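This is protein_22.pdb (PDB, C-alpha atoms).
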```
MODEL        1
ATOM      1  CA  MET A   1     -10.266  -9.381  -6.417
ATOM      2  CA  LYS A   2     -11.813  -6.194  -5.006
ATOM      3  CA  PRO A   3     -15.372  -5.227  -6.018
ATOM      4  CA  GLU A   4     -13.999  -2.132  -7.800
ATOM      5  CA  GLU A   5     -11.687  -4.340  -9.871
ATOM      6  CA  ASP A   6     -14.612  -6.638 -10.788
ATOM      7  CA  ALA A   7     -16.625  -3.606 -11.908
ATOM      8  CA  ASP A   8     -13.647  -2.261 -13.871
ATOM      9  CA  LEU A   9     -13.377  -5.545 -15.778
ATOM     10  CA  ALA A  10     -17.099  -5.727 -16.522
ATOM     11  CA  PHE A  11     -17.285  -2.160 -17.809
ATOM     12  CA  MET A  12     -14.091  -2.551 -19.856
ATOM     13  CA  GLU A  13     -15.632  -5.628 -21.485
ATOM     14  CA  GLN A  14     -18.602  -3.438 -22.409
ATOM     15  CA  ALA A  15     -16.234  -0.853 -23.896
ATOM     16  CA  LEU A  16     -14.594  -3.647 -25.917
ATOM     17  CA  MET A  17     -18.008  -4.616 -27.323
ATOM     18  CA  LEU A  18     -18.479  -1.035 -28.471
ATOM     19  CA  ALA A  19     -14.975  -1.000 -29.966
ATOM     20  CA  ARG A  20     -15.890  -4.057 -32.032
ATOM     21  CA  LYS A  21     -18.982  -2.182 -33.236
ATOM     22  CA  ALA A  22     -16.717   0.633 -34.456
ATOM     23  CA  GLY A  23     -14.496  -1.842 -36.281
ATOM     24  CA  GLU A  24     -17.513  -3.404 -37.995
ATOM     25  CA  ARG A  25     -18.278   0.064 -39.360
ATOM     26  CA  ASP A  26     -14.706   0.523 -40.648
ATOM     27  CA  GLU A  27     -13.876   2.977 -37.874
ATOM     28  CA  VAL A  28     -10.789   2.555 -35.691
ATOM     29  CA  PRO A  29     -12.042   0.108 -33.037
ATOM     30  CA  VAL A  30     -12.188   2.162 -29.862
ATOM     31  CA  GLY A  31     -15.103   2.030 -27.440
ATOM     32  CA  ALA A  32     -15.979   3.963 -24.292
ATOM     33  CA  VAL A  33     -18.463   3.666 -21.434
ATOM     34  CA  LEU A  34     -19.147   6.359 -18.823
ATOM     35  CA  VAL A  35     -20.408   5.087 -15.472
ATOM     36  CA  GLN A  36     -21.862   6.837 -12.435
ATOM     37  CA  ASP A  37     -22.723   4.956  -9.251
ATOM     38  CA  GLY A  38     -22.377   1.635 -11.069
ATOM     39  CA  VAL A  39     -24.789   2.599 -13.866
ATOM     40  CA  VAL A  40     -23.848   3.311 -17.489
ATOM     41  CA  ILE A  41     -24.902   6.875 -18.294
ATOM     42  CA  GLY A  42     -23.081   7.246 -21.605
ATOM     43  CA  GLU A  43     -21.482   5.132 -24.271
ATOM     44  CA  GLY A  44     -19.722   5.658 -27.538
ATOM     45  CA  TRP A  45     -17.450   4.243 -30.173
ATOM     46  CA  ASN A  46     -15.210   5.912 -32.710
ATOM     47  CA  ARG A  47     -17.155   7.446 -35.582
ATOM     48  CA  PRO A  48     -15.218  10.357 -37.081
ATOM     49  CA  ILE A  49     -15.367   8.848 -40.576
ATOM     50  CA  GLY A  50     -19.077   8.073 -40.583
ATOM     51  CA  GLU A  51     -20.054  11.363 -38.967
ATOM     52  CA  ARG A  52     -17.428  13.390 -40.842
ATOM     53  CA  ASP A  53     -16.449  14.811 -37.476
ATOM     54  CA  PRO A  54     -12.827  14.841 -36.303
ATOM     55  CA  THR A  55     -14.013  15.148 -32.695
ATOM     56  CA  ALA A  56     -16.178  11.997 -32.776
ATOM     57  CA  HIS A  57     -13.744   9.891 -30.763
ATOM     58  CA  ALA A  58     -15.285   7.221 -28.526
ATOM     59  CA  GLU A  59     -14.638   9.246 -25.363
ATOM     60  CA  ILE A  60     -16.228  12.417 -26.734
ATOM     61  CA  VAL A  61     -19.263  10.495 -27.995
ATOM     62  CA  ALA A  62     -19.697   8.859 -24.558
ATOM     63  CA  LEU A  63     -19.348  12.223 -22.777
ATOM     64  CA  ARG A  64     -21.901  13.836 -25.099
ATOM     65  CA  ASP A  65     -24.307  10.930 -24.585
ATOM     66  CA  ALA A  66     -24.002  11.181 -20.794
ATOM     67  CA  ALA A  67     -24.296  14.979 -20.730
ATOM     68  CA  ALA A  68     -27.508  14.795 -22.772
ATOM     69  CA  ARG A  69     -28.935  12.101 -20.504
ATOM     70  CA  VAL A  70     -28.168  13.888 -17.217
ATOM     71  CA  GLY A  71     -28.755  17.400 -18.541
ATOM     72  CA  ASN A  72     -25.360  18.790 -17.548
ATOM     73  CA  TYR A  73     -21.944  19.062 -19.166
ATOM     74  CA  ARG A  74     -20.297  18.508 -15.795
ATOM     75  CA  LEU A  75     -20.077  14.816 -14.946
ATOM     76  CA  PRO A  76     -18.478  14.618 -11.477
ATOM     77  CA  GLY A  77     -18.234  11.272  -9.752
ATOM     78  CA  THR A  78     -18.040   9.377 -13.046
ATOM     79  CA  VAL A  79     -15.641   6.771 -14.357
ATOM     80  CA  LEU A  80     -14.770   6.558 -18.050
ATOM     81  CA  TYR A  81     -13.751   3.171 -19.427
ATOM     82  CA  VAL A  82     -12.052   3.339 -22.814
ATOM     83  CA  THR A  83     -10.190   0.726 -24.802
ATOM     84  CA  LEU A  84      -7.360   3.072 -25.870
ATOM     85  CA  GLU A  85      -5.472   5.683 -23.877
ATOM     86  CA  PRO A  86      -7.133   9.075 -24.466
ATOM     87  CA  CYS A  87      -5.530  11.610 -26.807
ATOM     88  CA  ALA A  88      -4.964  15.257 -25.848
ATOM     89  CA  MET A  89      -8.349  16.359 -27.249
ATOM     90  CA  CYS A  90     -10.201  13.694 -25.272
ATOM     91  CA  ALA A  91      -8.133  14.376 -22.148
ATOM     92  CA  GLY A  92      -9.187  18.037 -22.340
ATOM     93  CA  ALA A  93     -12.855  17.078 -22.614
ATOM     94  CA  ILE A  94     -12.481  14.635 -19.709
ATOM     95  CA  ILE A  95     -10.969  17.373 -17.546
ATOM     96  CA  HIS A  96     -13.655  19.920 -18.477
ATOM     97  CA  ALA A  97     -16.419  17.390 -17.763
ATOM     98  CA  ARG A  98     -14.866  16.760 -14.333
ATOM     99  CA  VAL A  99     -14.671  12.983 -14.816
ATOM    100  CA  GLU A 100     -13.257  11.496 -11.620
ATOM    101  CA  ARG A 101     -11.465   8.474 -13.009
ATOM    102  CA  VAL A 102     -10.347   7.024 -16.353
ATOM    103  CA  VAL A 103      -9.646   3.337 -16.896
ATOM    104  CA  PHE A 104      -8.117   2.470 -20.255
ATOM    105  CA  GLY A 105      -6.931  -0.669 -21.983
ATOM    106  CA  ALA A 106      -4.190  -0.204 -24.584
ATOM    107  CA  TYR A 107      -1.465   2.390 -24.246
ATOM    108  CA  ASP A 108      -1.042   4.764 -27.191
ATOM    109  CA  PRO A 109       2.697   5.403 -27.722
ATOM    110  CA  ARG A 110       1.984   7.901 -30.523
ATOM    111  CA  SER A 111      -0.649  10.208 -29.039
ATOM    112  CA  GLY A 112      -1.586   9.010 -25.562
ATOM    113  CA  ALA A 113      -2.216  11.839 -23.105
ATOM    114  CA  ALA A 114      -2.495   9.813 -19.899
ATOM    115  CA  GLY A 115       1.186   9.072 -19.525
ATOM    116  CA  SER A 116       2.511   7.680 -22.808
ATOM    117  CA  VAL A 117       3.323  10.862 -24.749
ATOM    118  CA  LEU A 118       1.690  13.534 -22.577
ATOM    119  CA  ASP A 119       0.583  13.315 -18.977
ATOM    120  CA  LEU A 120      -2.428  15.633 -18.950
ATOM    121  CA  LEU A 121      -4.874  13.670 -16.829
ATOM    122  CA  PRO A 122      -3.262  12.614 -13.597
ATOM    123  CA  SER A 123      -0.447  15.012 -12.985
ATOM    124  CA  ASP A 124      -0.594  18.296 -14.862
ATOM    125  CA  GLN A 125      -0.802  20.771 -11.992
ATOM    126  CA  ARG A 126      -1.832  23.626 -14.282
ATOM    127  CA  PHE A 127      -5.395  22.309 -14.474
ATOM    128  CA  ASN A 128      -7.919  22.873 -11.710
ATOM    129  CA  HIS A 129      -9.147  19.275 -11.967
ATOM    130  CA  ARG A 130      -7.122  16.089 -11.834
ATOM    131  CA  VAL A 131      -8.278  12.699 -12.972
ATOM    132  CA  GLU A 132      -7.316   9.385 -11.401
ATOM    133  CA  VAL A 133      -6.003   7.015 -14.087
ATOM    134  CA  ARG A 134      -5.650   3.261 -14.349
ATOM    135  CA  GLY A 135      -4.028   2.032 -17.556
ATOM    136  CA  GLY A 136      -3.502  -1.387 -19.055
ATOM    137  CA  LEU A 137      -6.758  -3.104 -18.059
ATOM    138  CA  LEU A 138      -7.424  -5.887 -20.591
ATOM    139  CA  GLU A 139      -4.515  -4.365 -22.475
ATOM    140  CA  GLU A 140      -3.849  -7.443 -24.605
ATOM    141  CA  SER A 141      -7.469  -7.716 -25.793
ATOM    142  CA  CYS A 142      -7.675  -4.004 -26.542
ATOM    143  CA  SER A 143      -4.299  -3.982 -28.335
ATOM    144  CA  ASN A 144      -5.083  -7.082 -30.369
ATOM    145  CA  LEU A 145      -8.345  -5.575 -31.589
ATOM    146  CA  LEU A 146      -6.466  -2.519 -32.875
ATOM    147  CA  LYS A 147      -3.597  -4.546 -34.375
ATOM    148  CA  THR A 148      -6.004  -6.867 -36.201
ATOM    149  CA  PHE A 149      -7.948  -3.895 -37.580
ATOM    150  CA  PHE A 150      -4.860  -2.120 -38.916
ATOM    151  CA  ARG A 151      -3.291  -5.334 -40.240
ATOM    152  CA  ALA A 152      -6.428  -5.977 -42.314
ATOM    153  CA  ARG A 153      -6.272  -2.460 -43.781
ATOM    154  CA  ARG A 154      -2.695  -2.789 -45.054
TER     155      ARG A 154
ENDMDL
END
```
Conversion result in structure tokens:
Amino acid sequence: MKPEEDADLAFMEQALMLARKAGERDEVPVGAVLVQDGVVIGEGWNRPIGERDPTAHAEIVALRDAAARVGNYRLPGTVLYVTLEPCAMCAGAIIHARVERVVFGAYDPRSGAAGSVLDLLPSDQRFNHRVEVRGGLLEESCSNLLKTFFRARR
């Protein structure tokens, strides 16, 4: 396994921990970690219910955390690890922040914007920034966490 793949696994495991934290708070269990030069600079988990904020998706929370820490809304050279494929709103924020790469776990066949429903991140030529994408990392673990959460709510 390449060093980059080892790092991807380790950071996705961290995102899974954050997703579990969201689930414990009765939020949809999605977690995100933003990394620059091998160091976590932002993290987040879903909290739209608790914060009464429809934009408080894990990715947005992680981007906000990182931007506050580094003092800039532009986050070039970063990698975002998230347990669920980003939606269109999150994809837009990722593009505007100039995130270099997104690694996600579970595919989202209903609202995924990194290839499942829309393909905003890697290939939409209308944007002035493109994001490298790797999907399906720890997909089974990420999917099972979501399935278990929604099964318990039915």
- request: Carefully work through the PyMOL selection byres ((chain A and resi 17-32) around 8) for this structure and note down the residues it includes, as a PyMOL selection string.
  value: chain A and resi 13-16+33-34+43-50+57-59+62+80-84+145-146+149
Resolved residues for the PyMOL selection byres ((chain A and resi 136) around 12) as a PyMOL selection string: chain A and resi 8-9+12+81-85+102-108+114-116+133-135+137-143
query: Using only C-alpha atoms, which residues sit within 12 Å of A:Asn128 once same-chain residues fewer than 6 positions away are excluded, as a ChimeraX atom specification?
result: /A:92,95-98,120-122
For C-alpha atoms, I'd like the residues from the last selection saved as a tab-separated table (two decimals), in the frame of the given file.
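So the final result, stored in part_26.tsv, reads:
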```
chain	number	residue	atom	x	y	z
A	92	GLY	CA	-9.19	18.04	-22.34
A	95	ILE	CA	-10.97	17.37	-17.55
A	96	HIS	CA	-13.66	19.92	-18.48
A	97	ALA	CA	-16.42	17.39	-17.76
A	98	ARG	CA	-14.87	16.76	-14.33
A	120	LEU	CA	-2.43	15.63	-18.95
A	121	LEU	CA	-4.87	13.67	-16.83
A	122	PRO	CA	-3.26	12.61	-13.60
```
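Straight-line separation from atom CA of A:Ser111 to atom CA of A:Arg151: 19.3 Å.
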field: Within 10 Å of A:Ala66 using all atoms listed in the file, minus same-chain residues under 3 positions, as a list in words
entry: Val33, Leu34, Val35, Gln36, Val40, Ile41, Gly42, Glu43, Gly44, Ile60, Val61, Ala62, Leu63, Arg69, Val70, Gly71, Asn72, Tyr73, Arg74, Leu75 and Thr78 of chain A
Do a neighbour search on A:Ala113 at 6 Å with only C-alpha atoms, toss out local chain neighbours closer than 5 positions, and write the hits as an mmCIF file with C-alpha atoms, in the frame of the given file.
```
data_model
loop_
_atom_site.group_PDB
_atom_site.id
_atom_site.type_symbol
_atom_site.label_atom_id
_atom_site.label_comp_id
_atom_site.auth_asym_id
_atom_site.auth_seq_id
_atom_site.Cartn_x
_atom_site.Cartn_y
_atom_site.Cartn_z
ATOM 1 C CA PRO A 86 -7.133 9.075 -24.466
ATOM 2 C CA CYS A 87 -5.530 11.610 -26.807
ATOM 3 C CA ALA A 88 -4.964 15.257 -25.848
ATOM 4 C CA LEU A 118 1.690 13.534 -22.577
ATOM 5 C CA ASP A 119 0.583 13.315 -18.977
ATOM 6 C CA LEU A 120 -2.428 15.633 -18.950
#
```
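The space between atom CA of A:Pro109 and atom CA of A:Ala10 spans 25.3 Å.
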- prompt: In Å, with one decimal, what is the gap from atom CA of A:Val99 to atom CA of A:Arg52?
  reply: 26.2 Å
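Of the listed residues A:Glu100, A:Val79, A:Glu5, A:Glu51, the one whose atoms come nearest to A:Val39 is A:Val79, with distances taken using all atoms listed in the file.
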field: From A:Ala68, A:Arg154, A:Val131, A:Gln125, residue lying nearest A:Ala91 [all atoms listed in the file]
entry: A:Val131
Give the centre and edge lengths of an axis-aligned box, in Å to one decimal, that holds all listed atoms of stretch 104-121 of chain A with 3 Å on each side, as lines of an AutoDock Vina configuration file.
```
center_x = -2.4
center_y = 7.5
center_z = -23.7
size_x = 17.4
size_y = 22.3
size_z = 19.7
```
- request: Using all atoms listed in the file, pick whichever of A:Arg64, A:Ala152, A:Gly38, A:Arg130 has the shortest atom-to-atom distance to A:Phe11.
  value: A:Gly38
Can you write stretch 55-85 of chain A from the block above with N, CA and C atoms, as an mmCIF file, in the first residue's frame?
```cif
data_model
loop_
_atom_site.group_PDB
_atom_site.id
_atom_site.type_symbol
_atom_site.label_atom_id
_atom_site.label_comp_id
_atom_site.auth_asym_id
_atom_site.auth_seq_id
_atom_site.Cartn_x
_atom_site.Cartn_y
_atom_site.Cartn_z
ATOM 1 N N THR A 55 -27.378 24.435 6.519
ATOM 2 C CA THR A 55 -26.056 24.343 5.897
ATOM 3 C C THR A 55 -25.026 23.640 6.785
ATOM 4 N N ALA A 56 -25.410 23.178 7.949
ATOM 5 C CA ALA A 56 -24.447 22.585 8.889
ATOM 6 C C ALA A 56 -24.160 21.118 8.577
ATOM 7 N N HIS A 57 -23.849 20.847 7.318
ATOM 8 C CA HIS A 57 -23.402 19.511 6.923
ATOM 9 C C HIS A 57 -21.960 19.337 7.395
ATOM 10 N N ALA A 58 -21.538 18.097 7.548
ATOM 11 C CA ALA A 58 -20.194 17.801 8.060
ATOM 12 C C ALA A 58 -19.104 18.522 7.267
ATOM 13 N N GLU A 59 -19.226 18.534 5.951
ATOM 14 C CA GLU A 59 -18.209 19.167 5.108
ATOM 15 C C GLU A 59 -18.117 20.664 5.368
ATOM 16 N N ILE A 60 -19.276 21.311 5.439
ATOM 17 C CA ILE A 60 -19.323 22.761 5.665
ATOM 18 C C ILE A 60 -18.736 23.091 7.035
ATOM 19 N N VAL A 61 -19.104 22.307 8.042
ATOM 20 C CA VAL A 61 -18.584 22.539 9.393
ATOM 21 C C VAL A 61 -17.059 22.393 9.399
ATOM 22 N N ALA A 62 -16.542 21.378 8.723
ATOM 23 C CA ALA A 62 -15.081 21.177 8.653
ATOM 24 C C ALA A 62 -14.398 22.322 7.904
ATOM 25 N N LEU A 63 -14.999 22.788 6.815
ATOM 26 C CA LEU A 63 -14.430 23.914 6.065
ATOM 27 C C LEU A 63 -14.425 25.188 6.911
ATOM 28 N N ARG A 64 -15.509 25.437 7.612
ATOM 29 C CA ARG A 64 -15.581 26.621 8.486
ATOM 30 C C ARG A 64 -14.531 26.553 9.594
ATOM 31 N N ASP A 65 -14.384 25.374 10.191
ATOM 32 C CA ASP A 65 -13.400 25.172 11.252
ATOM 33 C C ASP A 65 -11.990 25.460 10.724
ATOM 34 N N ALA A 66 -11.674 24.909 9.567
ATOM 35 C CA ALA A 66 -10.339 25.113 8.982
ATOM 36 C C ALA A 66 -10.116 26.570 8.603
ATOM 37 N N ALA A 67 -11.098 27.199 7.979
ATOM 38 C CA ALA A 67 -10.956 28.597 7.570
ATOM 39 C C ALA A 67 -10.700 29.493 8.771
ATOM 40 N N ALA A 68 -11.387 29.231 9.877
ATOM 41 C CA ALA A 68 -11.176 30.020 11.098
ATOM 42 C C ALA A 68 -9.773 29.795 11.653
ATOM 43 N N ARG A 69 -9.324 28.551 11.610
ATOM 44 C CA ARG A 69 -7.990 28.234 12.145
ATOM 45 C C ARG A 69 -6.861 28.851 11.317
ATOM 46 N N VAL A 70 -6.994 28.807 9.981
ATOM 47 C CA VAL A 70 -5.903 29.329 9.140
ATOM 48 C C VAL A 70 -6.097 30.793 8.767
ATOM 49 N N GLY A 71 -7.275 31.339 9.050
ATOM 50 C CA GLY A 71 -7.516 32.750 8.777
ATOM 51 C C GLY A 71 -7.731 33.073 7.315
ATOM 52 N N ASN A 72 -8.295 32.105 6.555
ATOM 53 C CA ASN A 72 -8.538 32.342 5.140
ATOM 54 C C ASN A 72 -9.640 31.397 4.666
ATOM 55 N N TYR A 73 -10.530 31.895 3.818
ATOM 56 C CA TYR A 73 -11.576 31.034 3.289
ATOM 57 C C TYR A 73 -11.082 30.161 2.152
ATOM 58 N N ARG A 74 -9.947 30.480 1.598
ATOM 59 C CA ARG A 74 -9.328 29.648 0.567
ATOM 60 C C ARG A 74 -8.458 28.612 1.263
ATOM 61 N N LEU A 75 -8.620 27.363 0.864
ATOM 62 C CA LEU A 75 -7.915 26.259 1.523
ATOM 63 C C LEU A 75 -7.200 25.383 0.488
ATOM 64 N N PRO A 76 -6.332 25.987 -0.326
ATOM 65 C CA PRO A 76 -5.637 25.207 -1.363
ATOM 66 C C PRO A 76 -4.692 24.178 -0.739
ATOM 67 N N GLY A 77 -4.467 23.108 -1.486
ATOM 68 C CA GLY A 77 -3.556 22.079 -1.018
ATOM 69 C C GLY A 77 -4.126 21.200 0.073
ATOM 70 N N THR A 78 -5.450 21.226 0.254
ATOM 71 C CA THR A 78 -6.072 20.436 1.316
ATOM 72 C C THR A 78 -6.791 19.212 0.739
ATOM 73 N N VAL A 79 -7.005 18.258 1.629
ATOM 74 C CA VAL A 79 -7.760 17.058 1.283
ATOM 75 C C VAL A 79 -8.909 16.938 2.285
ATOM 76 N N LEU A 80 -10.113 16.764 1.763
ATOM 77 C CA LEU A 80 -11.293 16.594 2.605
ATOM 78 C C LEU A 80 -11.700 15.131 2.601
ATOM 79 N N TYR A 81 -11.769 14.553 3.787
ATOM 80 C CA TYR A 81 -12.229 13.179 3.971
ATOM 81 C C TYR A 81 -13.627 13.251 4.554
ATOM 82 N N VAL A 82 -14.577 12.597 3.888
ATOM 83 C CA VAL A 82 -15.965 12.650 4.355
ATOM 84 C C VAL A 82 -16.604 11.284 4.151
ATOM 85 N N THR A 83 -17.438 10.891 5.088
ATOM 86 C CA THR A 83 -17.983 9.542 5.073
ATOM 87 C C THR A 83 -19.098 9.331 4.052
ATOM 88 N N LEU A 84 -19.661 10.411 3.515
ATOM 89 C CA LEU A 84 -20.717 10.319 2.509
ATOM 90 C C LEU A 84 -20.391 11.268 1.359
ATOM 91 N N GLU A 85 -20.663 10.836 0.165
ATOM 92 C CA GLU A 85 -20.440 11.660 -1.023
ATOM 93 C C GLU A 85 -21.085 13.035 -0.835
#
```
